[in-house]
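Asks: Structure supplied as entry39.txt; contents: compact mmCIF, C-alpha atoms (C1' of nucleotides).
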# COMPACT_ATOMS: atom_id res chain seq x y z
CA MET A 1 -44.03 3.06 24.08
CA THR A 2 -42.83 4.55 20.85
CA ARG A 3 -41.41 1.50 19.17
CA THR A 4 -41.23 3.22 15.80
CA PRO A 5 -39.11 6.36 15.88
CA ARG A 6 -39.33 6.24 12.07
CA LEU A 7 -36.82 4.38 9.94
CA GLU A 8 -34.80 7.36 8.83
CA ASP A 9 -34.41 8.68 12.35
CA ARG A 10 -33.01 5.42 13.67
CA ARG A 11 -30.72 5.08 10.70
CA GLU A 12 -29.42 8.57 11.25
CA ARG A 13 -28.89 7.93 14.94
CA LEU A 14 -26.98 4.77 14.09
CA ILE A 15 -24.79 6.64 11.63
CA GLN A 16 -23.96 9.29 14.19
CA ALA A 17 -23.25 6.70 16.88
CA ALA A 18 -21.12 4.74 14.43
CA ALA A 19 -19.09 7.83 13.53
CA ARG A 20 -18.31 8.39 17.20
CA LEU A 21 -17.58 4.72 17.85
CA PHE A 22 -15.40 4.19 14.78
CA ASN A 23 -13.48 7.36 15.55
CA ASP A 24 -12.91 6.43 19.18
CA HIS A 25 -11.84 2.82 18.73
CA GLY A 26 -11.30 2.38 15.01
CA TYR A 27 -13.57 0.50 12.64
CA GLU A 28 -12.05 -2.95 13.14
CA ARG A 29 -12.03 -2.70 16.91
CA SER A 30 -15.64 -1.58 17.01
CA SER A 31 -18.20 -4.36 17.05
CA VAL A 32 -21.74 -4.30 15.80
CA ARG A 33 -22.78 -5.30 19.31
CA GLN A 34 -21.17 -2.15 20.74
CA LEU A 35 -22.87 0.02 18.15
CA ALA A 36 -26.24 -1.57 18.80
CA GLU A 37 -25.87 -1.15 22.55
CA SER A 38 -25.01 2.53 22.16
CA VAL A 39 -28.43 3.18 20.59
CA GLY A 40 -30.29 0.73 22.79
CA ILE A 41 -31.07 -2.17 20.47
CA LEU A 42 -29.63 -5.66 19.96
CA SER A 43 -26.88 -6.46 17.50
CA GLY A 44 -29.05 -8.38 15.06
CA SER A 45 -31.44 -5.44 14.72
CA VAL A 46 -28.72 -3.30 13.20
CA PHE A 47 -28.96 -5.42 10.08
CA HIS A 48 -32.52 -4.32 9.59
CA HIS A 49 -31.13 -0.87 8.80
CA PHE A 50 -27.85 -1.76 7.09
CA ALA A 51 -26.85 -4.61 4.83
CA SER A 52 -23.46 -5.11 6.48
CA LYS A 53 -21.02 -3.55 8.88
CA GLU A 54 -19.09 -2.06 6.01
CA ASP A 55 -22.32 -0.52 4.75
CA ILE A 56 -22.47 1.45 8.00
CA LEU A 57 -18.97 2.79 7.47
CA LEU A 58 -19.88 3.73 3.93
CA ALA A 59 -22.95 5.60 5.17
CA VAL A 60 -20.85 7.50 7.70
CA MET A 61 -18.43 8.58 5.01
CA THR A 62 -20.93 9.52 2.30
CA THR A 63 -23.11 11.62 4.60
CA THR A 64 -20.00 13.28 6.00
CA ILE A 65 -18.52 14.14 2.63
CA GLU A 66 -21.84 15.57 1.51
CA THR A 67 -21.84 17.89 4.51
CA MET A 68 -18.23 18.84 3.90
CA THR A 69 -18.71 19.71 0.24
CA GLU A 70 -21.86 21.66 0.98
CA ARG A 71 -20.04 23.70 3.59
CA LEU A 72 -17.09 24.46 1.34
CA ARG A 73 -19.35 25.54 -1.50
CA ALA A 74 -21.22 27.89 0.81
CA VAL A 75 -17.97 29.50 1.88
CA THR A 76 -16.84 29.85 -1.73
CA ALA A 77 -20.11 31.51 -2.71
CA ALA A 78 -20.06 33.89 0.24
CA SER A 79 -16.47 35.11 -0.17
CA ARG A 80 -15.94 38.36 -2.03
CA ASP A 81 -12.29 38.15 -2.98
CA ILE A 82 -9.57 35.56 -3.36
CA PRO A 83 -7.70 36.08 -0.09
CA GLU A 84 -10.95 35.99 1.87
CA ARG A 85 -11.93 32.82 0.05
CA LEU A 86 -8.65 31.10 0.94
CA THR A 87 -8.82 31.96 4.63
CA GLY A 88 -12.49 31.05 4.67
CA LEU A 89 -11.86 27.60 3.25
CA ILE A 90 -9.03 26.90 5.66
CA ARG A 91 -11.14 28.02 8.56
CA ALA A 92 -14.08 25.93 7.30
CA GLU A 93 -12.03 22.76 6.98
CA LEU A 94 -10.66 23.21 10.48
CA GLU A 95 -14.20 23.73 11.74
CA LEU A 96 -15.31 20.53 10.05
CA LEU A 97 -12.38 18.74 11.70
CA HIS A 98 -13.07 20.05 15.19
CA GLY A 99 -16.78 20.90 15.35
CA ASN A 100 -19.81 18.65 15.66
CA THR A 101 -18.92 16.89 12.45
CA ARG A 102 -15.52 15.89 13.78
CA HIS A 103 -16.14 12.20 14.33
CA GLY A 104 -17.41 11.55 10.84
CA VAL A 105 -14.71 13.72 9.32
CA ALA A 106 -11.95 11.94 11.21
CA VAL A 107 -13.31 8.57 10.14
CA THR A 108 -13.50 9.73 6.53
CA PHE A 109 -9.91 11.01 6.68
CA PHE A 110 -8.24 8.12 8.44
CA GLN A 111 -10.27 4.95 8.04
CA TRP A 112 -10.43 5.00 4.31
CA HIS A 113 -8.58 1.71 3.91
CA CYS A 114 -11.21 -0.18 5.93
CA LEU A 115 -13.57 -0.08 2.95
CA GLY A 116 -13.58 -2.69 0.22
CA GLN A 117 -12.43 -1.61 -3.22
CA ASP A 118 -15.85 -0.88 -4.68
CA ASN A 119 -16.88 1.30 -1.79
CA GLN A 120 -13.50 3.04 -1.81
CA GLN A 121 -14.16 3.96 -5.42
CA GLN A 122 -17.55 5.42 -4.54
CA VAL A 123 -16.14 7.50 -1.70
CA LEU A 124 -13.22 8.59 -3.86
CA ALA A 125 -15.62 9.97 -6.45
CA MET A 126 -17.36 12.04 -3.79
CA ARG A 127 -14.07 13.22 -2.32
CA GLU A 128 -13.01 14.46 -5.72
CA GLU A 129 -15.91 16.92 -5.78
CA TYR A 130 -14.74 18.23 -2.43
CA GLU A 131 -11.17 18.50 -3.65
CA LYS A 132 -12.32 20.28 -6.79
CA VAL A 133 -13.58 23.20 -4.71
CA TRP A 134 -10.17 23.39 -3.09
CA LEU A 135 -8.20 23.14 -6.32
CA ASP A 136 -10.26 25.90 -7.94
CA ALA A 137 -9.62 28.22 -5.03
CA LEU A 138 -5.91 27.39 -4.84
CA GLY A 139 -5.55 27.83 -8.58
CA GLN A 140 -7.01 31.32 -8.28
CA ALA A 141 -4.78 32.08 -5.32
CA HIS A 142 -1.72 30.95 -7.25
CA GLN A 143 -2.58 33.09 -10.27
CA ALA A 144 -3.10 36.05 -7.99
CA GLY A 145 0.38 35.54 -6.54
CA LEU A 146 -1.03 34.75 -3.13
CA ILE A 147 0.59 31.33 -2.86
CA HIS A 148 3.94 30.36 -4.32
CA THR A 149 3.79 26.60 -4.60
CA ASP A 150 2.02 24.36 -7.10
CA PRO A 151 -1.73 24.31 -6.29
CA PHE A 152 -2.06 20.55 -6.59
CA ILE A 153 0.90 19.78 -4.34
CA THR A 154 -0.09 22.57 -2.00
CA ARG A 155 -3.52 21.07 -1.54
CA ARG A 156 -2.10 17.66 -0.70
CA LEU A 157 0.33 19.11 1.81
CA LEU A 158 -2.50 21.19 3.26
CA THR A 159 -4.75 18.14 3.51
CA GLY A 160 -2.13 16.45 5.65
CA ALA A 161 -1.41 19.50 7.77
CA ASN A 162 -5.09 20.14 8.49
CA GLY A 163 -6.05 16.50 8.94
CA TRP A 164 -3.24 15.88 11.37
CA THR A 165 -4.58 18.59 13.70
CA ILE A 166 -7.02 15.92 14.85
CA TYR A 167 -4.15 14.32 16.72
CA TRP A 168 -2.87 17.35 18.56
CA TYR A 169 -5.19 20.35 18.42
CA ARG A 170 -7.89 20.72 21.06
CA PRO A 171 -10.29 23.65 20.75
CA GLY A 172 -10.90 25.50 23.98
CA GLY A 173 -7.21 25.65 24.80
CA ALA A 174 -4.84 28.60 24.52
CA LEU A 175 -4.92 28.44 20.71
CA ASP A 176 -8.37 29.08 19.26
CA LEU A 177 -9.54 28.03 15.83
CA ASP A 178 -9.10 31.49 14.35
CA ALA A 179 -5.51 31.67 15.50
CA LEU A 180 -4.81 28.21 14.13
CA ALA A 181 -6.42 29.10 10.81
CA GLN A 182 -4.25 32.22 10.75
CA GLU A 183 -1.09 30.15 11.27
CA VAL A 184 -2.04 27.83 8.44
CA THR A 185 -2.81 30.78 6.18
CA THR A 186 0.55 32.33 6.96
CA LEU A 187 2.21 29.07 6.10
CA LEU A 188 0.56 29.06 2.68
CA THR A 189 0.84 32.72 1.77
CA GLY A 190 4.01 33.78 3.51
CA PRO A 191 4.46 36.56 6.09
CA ARG A 192 3.55 39.45 3.79
CA ASN A 193 -0.06 38.33 3.50
CA GLN A 194 -0.55 37.22 7.03
CA ASP A 195 -3.10 39.85 7.89
CA LEU A 196 -5.76 39.51 5.26
CA MET B 1 19.34 -28.08 7.11
CA THR B 2 19.93 -24.86 8.93
CA ARG B 3 17.11 -25.01 11.42
CA THR B 4 18.66 -22.27 13.51
CA PRO B 5 19.06 -19.00 11.60
CA ARG B 6 19.84 -17.48 14.99
CA LEU B 7 17.19 -15.98 17.19
CA GLU B 8 17.90 -12.36 16.40
CA ASP B 9 17.78 -12.96 12.66
CA ARG B 10 14.36 -14.56 12.74
CA ARG B 11 13.06 -11.89 15.07
CA GLU B 12 14.31 -9.21 12.76
CA ARG B 13 12.79 -10.93 9.73
CA LEU B 14 9.48 -11.15 11.58
CA ILE B 15 9.60 -7.46 12.44
CA GLN B 16 10.25 -6.51 8.84
CA ALA B 17 7.51 -8.79 7.57
CA ALA B 18 5.15 -7.43 10.21
CA ALA B 19 5.90 -3.85 9.19
CA ARG B 20 4.99 -4.64 5.61
CA LEU B 21 1.91 -6.64 6.59
CA PHE B 22 0.58 -4.11 9.09
CA ASN B 23 1.14 -1.31 6.61
CA ASP B 24 -0.60 -3.14 3.78
CA HIS B 25 -3.68 -4.35 5.62
CA GLY B 26 -3.65 -2.57 8.97
CA TYR B 27 -2.78 -4.09 12.31
CA GLU B 28 -6.26 -5.38 13.18
CA ARG B 29 -6.86 -6.93 9.79
CA SER B 30 -3.50 -8.71 9.87
CA SER B 31 -3.51 -12.07 11.62
CA VAL B 32 -0.65 -13.82 13.34
CA ARG B 33 -1.27 -16.69 10.93
CA GLN B 34 -0.64 -14.43 7.95
CA LEU B 35 2.55 -13.09 9.49
CA ALA B 36 3.80 -16.58 10.28
CA GLU B 37 3.08 -17.78 6.78
CA SER B 38 4.97 -14.86 5.25
CA VAL B 39 8.19 -16.03 6.92
CA GLY B 40 7.47 -19.73 6.51
CA ILE B 41 6.54 -20.88 10.03
CA LEU B 42 3.30 -21.76 11.80
CA SER B 43 1.29 -19.29 13.81
CA GLY B 44 2.10 -20.73 17.22
CA SER B 45 5.81 -20.41 16.57
CA VAL B 46 5.56 -16.65 16.39
CA PHE B 47 4.94 -16.63 20.13
CA HIS B 48 8.36 -18.12 20.71
CA HIS B 49 9.79 -14.80 19.54
CA PHE B 50 7.16 -12.39 20.84
CA ALA B 51 4.99 -12.36 23.93
CA SER B 52 1.88 -11.18 22.09
CA LYS B 53 0.66 -9.75 18.81
CA GLU B 54 0.82 -6.26 20.28
CA ASP B 55 4.43 -6.93 21.26
CA ILE B 56 5.21 -7.33 17.56
CA LEU B 57 3.66 -3.97 16.74
CA LEU B 58 5.64 -2.42 19.57
CA ALA B 59 8.86 -3.91 18.19
CA VAL B 60 8.10 -2.54 14.73
CA MET B 61 7.59 0.93 16.15
CA THR B 62 10.55 1.07 18.52
CA THR B 63 13.07 -0.19 15.97
CA THR B 64 11.64 2.22 13.42
CA ILE B 65 11.80 5.26 15.68
CA GLU B 66 15.37 4.41 16.62
CA THR B 67 16.33 4.43 12.96
CA MET B 68 14.44 7.67 12.38
CA THR B 69 16.07 9.53 15.27
CA GLU B 70 19.51 8.26 14.32
CA ARG B 71 19.05 9.50 10.76
CA LEU B 72 17.84 12.95 11.86
CA ARG B 73 20.75 13.37 14.25
CA ALA B 74 23.20 12.46 11.52
CA VAL B 75 21.72 15.11 9.26
CA THR B 76 21.82 17.70 12.03
CA ALA B 77 25.46 16.97 12.73
CA ALA B 78 26.45 17.07 9.07
CA SER B 79 24.75 20.37 8.21
CA ARG B 80 26.84 23.49 8.26
CA ASP B 81 24.26 26.24 8.46
CA ILE B 82 20.64 26.67 9.47
CA PRO B 83 19.00 26.73 6.02
CA GLU B 84 20.93 23.63 4.99
CA ARG B 85 19.89 21.94 8.19
CA LEU B 86 16.20 22.67 7.58
CA THR B 87 16.18 21.40 4.00
CA GLY B 88 18.24 18.39 5.07
CA LEU B 89 15.77 17.42 7.76
CA ILE B 90 12.78 17.77 5.44
CA ARG B 91 14.51 15.71 2.80
CA ALA B 92 15.51 13.10 5.41
CA GLU B 93 11.98 12.74 6.75
CA LEU B 94 10.61 12.31 3.24
CA GLU B 95 13.28 9.69 2.57
CA LEU B 96 12.28 7.83 5.71
CA LEU B 97 8.67 7.96 4.56
CA HIS B 98 9.36 6.68 1.05
CA GLY B 99 12.58 4.64 1.21
CA ASN B 100 13.20 1.14 2.53
CA THR B 101 12.00 2.16 5.97
CA ARG B 102 8.62 3.23 4.63
CA HIS B 103 6.53 0.36 5.94
CA GLY B 104 7.69 0.71 9.51
CA VAL B 105 7.47 4.50 9.35
CA ALA B 106 3.92 4.41 7.99
CA VAL B 107 2.87 1.99 10.73
CA THR B 108 4.49 4.22 13.37
CA PHE B 109 2.69 7.26 11.99
CA PHE B 110 -0.76 5.87 11.46
CA GLN B 111 -1.33 2.82 13.65
CA TRP B 112 -0.44 4.44 16.91
CA HIS B 113 -3.87 3.90 18.43
CA CYS B 114 -3.63 0.12 18.02
CA LEU B 115 -1.25 -0.04 20.99
CA GLY B 116 -2.43 -0.36 24.56
CA GLN B 117 -1.90 2.61 26.87
CA ASP B 118 1.38 1.44 28.43
CA ASN B 119 2.97 0.74 25.09
CA GLN B 120 1.67 4.02 23.70
CA GLN B 121 3.46 5.76 26.53
CA GLN B 122 6.71 4.00 25.72
CA VAL B 123 6.51 4.87 22.03
CA LEU B 124 5.53 8.43 22.88
CA ALA B 125 8.69 8.85 24.95
CA MET B 126 10.80 7.71 22.00
CA ARG B 127 8.90 9.92 19.58
CA GLU B 128 9.63 12.91 21.78
CA GLU B 129 13.35 12.47 21.24
CA TYR B 130 12.73 12.51 17.52
CA GLU B 131 10.55 15.60 17.80
CA LYS B 132 13.16 17.33 19.93
CA VAL B 133 15.61 17.28 17.03
CA TRP B 134 12.97 18.92 14.89
CA LEU B 135 11.98 21.53 17.45
CA ASP B 136 15.61 22.55 18.00
CA ALA B 137 16.13 23.03 14.28
CA LEU B 138 12.86 24.91 13.80
CA GLY B 139 13.61 27.11 16.80
CA GLN B 140 16.91 28.08 15.21
CA ALA B 141 15.23 28.68 11.86
CA HIS B 142 12.64 30.91 13.49
CA GLN B 143 15.25 32.97 15.31
CA ALA B 144 17.16 33.35 12.07
CA GLY B 145 14.02 34.70 10.39
CA LEU B 146 13.86 31.75 8.03
CA ILE B 147 10.39 30.68 9.07
CA HIS B 148 7.59 32.95 10.15
CA THR B 149 5.25 30.75 12.13
CA ASP B 150 5.53 29.38 15.66
CA PRO B 151 8.06 26.51 15.67
CA PHE B 152 5.86 24.19 17.70
CA ILE B 153 2.77 24.67 15.54
CA THR B 154 4.89 24.62 12.42
CA ARG B 155 6.29 21.24 13.35
CA ARG B 156 2.85 19.77 13.89
CA LEU B 157 1.58 21.10 10.59
CA LEU B 158 4.73 19.80 8.93
CA THR B 159 4.28 16.38 10.51
CA GLY B 160 0.88 16.13 8.93
CA ALA B 161 1.97 17.48 5.56
CA ASN B 162 4.92 15.10 5.33
CA GLY B 163 3.12 12.09 6.78
CA TRP B 164 0.21 12.47 4.43
CA THR B 165 2.52 12.14 1.42
CA ILE B 166 2.31 8.40 2.09
CA TYR B 167 -1.18 8.51 0.65
CA TRP B 168 -0.45 10.31 -2.58
CA TYR B 169 3.25 10.63 -3.37
CA ARG B 170 4.94 7.85 -5.34
CA PRO B 171 8.68 8.15 -5.93
CA GLY B 172 9.74 7.35 -9.48
CA GLY B 173 7.01 9.54 -10.97
CA ALA B 174 7.30 12.98 -12.49
CA LEU B 175 7.98 14.57 -9.11
CA ASP B 176 11.18 13.33 -7.50
CA LEU B 177 11.98 13.49 -3.79
CA ASP B 178 14.26 16.51 -4.16
CA ALA B 179 11.56 18.49 -5.91
CA LEU B 180 9.01 17.52 -3.29
CA ALA B 181 11.40 18.48 -0.50
CA GLN B 182 11.88 21.80 -2.29
CA GLU B 183 8.13 22.43 -2.38
CA VAL B 184 7.83 21.71 1.32
CA THR B 185 10.78 23.97 2.09
CA THR B 186 9.22 26.77 0.07
CA LEU B 187 6.00 26.33 1.98
CA LEU B 188 7.85 26.78 5.29
CA THR B 189 10.24 29.55 4.37
CA GLY B 190 8.31 31.51 1.78
CA PRO B 191 9.33 32.31 -1.81
CA ARG B 192 12.35 34.46 -0.94
CA ASN B 193 14.27 31.54 0.47
CA GLN B 194 13.18 28.97 -2.02
CA ASP B 195 16.64 28.50 -3.53
CA LEU B 196 18.84 27.69 -0.57
C1' DA C 1 36.70 -38.19 20.69
C1' DC C 2 32.56 -39.08 22.70
C1' DC C 3 28.33 -38.67 24.80
C1' DA C 4 24.92 -36.87 28.20
C1' DG C 5 22.50 -32.73 29.19
C1' DT C 6 20.64 -28.48 27.83
C1' DC C 7 18.76 -25.12 24.83
C1' DT C 8 16.72 -23.28 20.60
C1' DA C 9 13.31 -23.15 17.09
C1' DC C 10 9.73 -25.02 15.62
C1' DC C 11 5.26 -28.16 14.64
C1' DA C 12 0.64 -30.15 15.44
C1' DA C 13 -3.41 -29.65 17.61
C1' DG C 14 -6.75 -27.26 19.55
C1' DC C 15 -9.05 -24.22 23.37
C1' DG C 16 -11.95 -20.46 24.49
C1' DC C 17 -13.69 -16.50 22.77
C1' DT C 18 -15.47 -12.91 19.64
C1' DT C 19 -16.92 -11.71 15.33
C1' DG C 20 -20.42 -10.49 11.52
C1' DC C 21 -24.50 -12.07 10.30
C1' DT C 22 -28.98 -15.16 9.92
C1' DT C 23 -33.28 -16.96 11.22
C1' DG C 24 -37.89 -17.24 13.10
C1' DG C 25 -40.96 -15.02 15.60
C1' DT C 26 -43.61 -11.00 17.71
C1' DA C 27 -45.48 -6.35 19.42
C1' DC C 28 -47.11 -2.33 17.60
C1' DG C 29 -48.73 1.52 14.43
C1' DC C 30 -51.29 2.70 10.44
C1' DG D 1 -54.34 -7.11 8.42
C1' DC D 2 -50.19 -5.84 6.65
C1' DG D 3 -45.58 -3.85 7.13
C1' DT D 4 -42.17 -1.95 10.23
C1' DA D 5 -38.91 -2.37 13.93
C1' DC D 6 -37.26 -5.10 16.86
C1' DC D 7 -35.87 -9.41 20.07
C1' DA D 8 -33.92 -14.01 21.23
C1' DA D 9 -31.03 -17.39 19.98
C1' DG D 10 -27.42 -19.10 17.74
C1' DC D 11 -24.27 -20.53 13.66
C1' DA D 12 -19.88 -20.77 11.25
C1' DA D 13 -15.60 -18.79 10.88
C1' DG D 14 -11.68 -16.65 12.44
C1' DC D 15 -9.09 -14.84 16.16
C1' DG D 16 -4.95 -14.73 19.69
C1' DC D 17 -2.70 -17.73 22.20
C1' DT D 18 -1.42 -22.30 24.83
C1' DT D 19 0.19 -26.79 25.29
C1' DG D 20 3.08 -30.82 24.77
C1' DG D 21 6.36 -32.58 22.24
C1' DT D 22 10.62 -33.19 19.06
C1' DA D 23 14.68 -32.59 15.91
C1' DG D 24 18.82 -30.61 15.75
C1' DA D 25 22.63 -27.53 17.50
C1' DC D 26 25.59 -26.37 21.30
C1' DT D 27 28.38 -27.29 25.68
C1' DG D 28 31.23 -29.29 29.07
C1' DG D 29 33.19 -33.22 31.52
C1' DT D 30 36.00 -37.15 30.92
Hey, can you dump this file as structure tokens for me?
Replies:
Amino acid sequence: MTRTPRLEDRRERLIQAAARLFNDHGYERSSVRQLAESVGILSGSVFHHFASKEDILLAVMTTTIETMTERLRAVTAASRDIPERLTGLIRAELELLHGNTRHGVAVTFFQWHCLGQDNQQQVLAMREEYEKVWLDALGQAHQAGLIHTDPFITRRLLTGANGWTIYWYRPGGALDLDALAQEVTTLLTGPRNQDL
Amino acid sequence: MTRTPRLEDRRERLIQAAARLFNDHGYERSSVRQLAESVGILSGSVFHHFASKEDILLAVMTTTIETMTERLRAVTAASRDIPERLTGLIRAELELLHGNTRHGVAVTFFQWHCLGQDNQQQVLAMREEYEKVWLDALGQAHQAGLIHTDPFITRRLLTGANGWTIYWYRPGGALDLDALAQEVTTLLTGPRNQDL
DNA sequence: ACCAGTCTACCAAGCGCTTGCTTGGTACGC
DNA sequence: GCGTACCAAGCAAGCGCTTGGTAGACTGGT
């Protein structure tokens, strides 16, 4: 029997399982025993891969944010003008929130306070890179007259609006992701720019 | 010594203390012992006032939502036209999120999932009354051409945008509540209506 | 005016359980 | 023969909550 599915593989599987578990029941309510069971090992064995429970949460968040930033940068690079860039970023963030990455993203958004201060600081630093991509794009959009509110405040309001979709939006229903992204874009740019 | 500060008083003090505690550390991380200590009694005594720990969270949420709905209805009744009503409601929700009620409101917003299913249902029913006030106002605003996105979706995006301010907005800084309310209003109505 | 009876608000102690995590040992692959 | 990946067992601490009891306030009959 393959007892050694290679360290990194197991670790990655644990991170994915943890993202799902923490998102479903919350970090505090999830036990290491539950996590271990979900990948078919015993609770003590988890600590061969991670130093502590909090270390698992940290790993979920850092890997997630890396994916998020990567995705946003790809969209930025691929877009040819400012309106396209804005819609693209909105669409990308909604995809991150509702696609395969959704568990990790939700945990990163809403379980922030479960980390100790040092780890919070580390995650914050990574989040700032992600936010920088946004602020650049919104700054350009503001200068181009595409949005009419302060870029910094706009981004924070948008963060909330997008993040909250976790609690009500379900893809596959009457409203698809494109339509939702369109609504959000209209909210930012006003009715005159609603068909970019 | 006044050993009997009347049942209702103690209960109310416990609810307020619980709101603060749950908001500061999260429901799961807060212990009944901590709550008891913060009002100067022992942990067992808390269960003279509440049936369970979850019952305390439920009490925090129900009393908070009652206050919230009351406040929104007062604003609705006092407003004389549709634009004034919209700005008033936005301003009122931001006040609820950042005034004295902030702890309870934050808990109601973000610790929802800590309740069991039955209690979730009960809170949901109360929240729907609150949301109804919003949906009525946004429906009117949409018909009047003041907002350009679907009222239902708009409300959900607005819920997120406003709720998220908990994590970044601090009253007393450079941006006061009126200015923030103005930014949110501009986001909803577009630049043409930004000076209602 | 008095006192017995009842009720309220709380303490002191601790039960049963779950938690994150540790330790010592072992099967297996390279 | 060494290191990796895991199991089996369990520890110490903290958890929500229960129990039995008591001091003091309130109430009604005489």
Asks: Would you mind listing what lies within 12 Å of DC11 (chain C) as a PyMOL selection string, with all atoms listed in the file counted and same-chain residues fewer than 2 positions away left out?
Replies: (chain B and resi 40-46) or (chain C and resi 9+13) or (chain D and resi 19-23)
Asks: Can you measure CA of Gly88 (chain B) to CA of Pro151 (chain A) for me? One decimal in Å is fine.
Replies: 23.7 Å
Asks: Quick one: pull the distance between CA of Gly104 (chain B) and CA of Gly163 (chain A), Å, one decimal.
Replies: 20.9 Å
Asks: When you get a sec, could you note down which chain B residues fall within 12 Å of chain A, using all atoms listed in the file, as a ChimeraX atom specification?
Replies: /B:23-30,109-116,145-169,175,179-194
Asks: Would you mind reading off the distance between CA of Ala77 (chain B) and CA of Val123 (chain B), one decimal, in Å?
Replies: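 Calculated distance between CA of Ala77 (chain B) and CA of Val123 (chain B) is 24.3 Å.
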Asks: What residues in chain C lie within 12 Å of chain A, counting all atoms listed in the file, written as number ranges by chain?
Replies: C: 18-23, 27-30
Asks: Using the file's own x, y and z axes, so that the box edges lie along x, y and z, what centre and edge lengths in Å (one decimal) does a box around every listed atom of region 38-43 of chain B get when 4 Å is added on each side? Give it as JSON.
Replies:
{"center_x": 4.7, "center_y": -18.3, "center_z": 9.5, "size_x": 14.9, "size_y": 14.9, "size_z": 16.6}
Asks: Rank nothing, just name the residue among B:Gln117, B:Ala74, B:Met126, B:Glu54 nearest to chain D, using all atoms listed in the file.
Replies: B:Glu54
Asks: Of the candidates A:Leu21, A:Glu12, A:Thr64, A:Leu72, which shows the shortest atom-to-atom distance to Phe50 (chain A), using only C-alpha atoms?
Replies: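 Of the candidates, the smallest distance to Phe50 (chain A) is held by A:Glu12.
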Asks: Residues near Asp178 (chain A), anyone? I mean within 10 Å using only C-alpha atoms (C1' of nucleotides), not counting same-chain ones fewer than 5 positions away, as a short mmCIF file (atom, residue, chain, number, x, y, z; two decimals) with C-alpha atoms, in the frame of the given file.
Replies:
data_model
loop_
_atom_site.label_atom_id
_atom_site.label_comp_id
_atom_site.auth_asym_id
_atom_site.auth_seq_id
_atom_site.Cartn_x
_atom_site.Cartn_y
_atom_site.Cartn_z
CA THR A 87 -8.82 31.96 4.63
CA ILE A 90 -9.03 26.90 5.66
CA ARG A 91 -11.14 28.02 8.56
CA LEU A 94 -10.66 23.21 10.48
CA GLU A 95 -14.20 23.73 11.74
CA GLU A 183 -1.09 30.15 11.27
CA VAL A 184 -2.04 27.83 8.44
#
Asks: Distance cut-off 10 Å, counting all atoms listed in the file - which residues of chain D neighbour chain B? Return them as an mmCIF file with C-alpha atoms (C1' of nucleotides), in the frame of the given file.
Replies:
data_model
loop_
_atom_site.group_PDB
_atom_site.id
_atom_site.type_symbol
_atom_site.label_atom_id
_atom_site.label_comp_id
_atom_site.auth_asym_id
_atom_site.auth_seq_id
_atom_site.Cartn_x
_atom_site.Cartn_y
_atom_site.Cartn_z
ATOM 1 C "C1'" DG D 14 -11.680 -16.650 12.440
ATOM 2 C "C1'" DC D 15 -9.090 -14.840 16.160
ATOM 3 C "C1'" DG D 16 -4.950 -14.730 19.690
ATOM 4 C "C1'" DC D 17 -2.700 -17.730 22.200
ATOM 5 C "C1'" DT D 18 -1.420 -22.300 24.830
ATOM 6 C "C1'" DA D 23 14.680 -32.590 15.910
ATOM 7 C "C1'" DG D 24 18.820 -30.610 15.750
ATOM 8 C "C1'" DA D 25 22.630 -27.530 17.500
#
Asks: Place a sphere of radius 10 Å on (-43.3, -12.3, 15.5) in the file coordinates and name every protein, DNA or RNA residue with an atom inside or on its surface, counting all atoms listed in the file; give the answer as a list of chain:residue names.
Replies: C:DG24, C:DG25, C:DT26, C:DA27, D:DC6, D:DC7
Asks: Keeping C-alpha atoms (C1' of nucleotides), export the residues of the selection given above as a PDB file, in the coordinates of the input.
Replies:
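Just written: selection.pdb:
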ATOM      1  C1'  DG C  24     -37.890 -17.240  13.100  1.00  0.00           C
ATOM      2  C1'  DG C  25     -40.960 -15.020  15.600  1.00  0.00           C
ATOM      3  C1'  DT C  26     -43.610 -11.000  17.710  1.00  0.00           C
ATOM      4  C1'  DA C  27     -45.480  -6.350  19.420  1.00  0.00           C
TER       5       DA C  27
ATOM      6  C1'  DC D   6     -37.260  -5.100  16.860  1.00  0.00           C
ATOM      7  C1'  DC D   7     -35.870  -9.410  20.070  1.00  0.00           C
TER       8       DC D   7
END
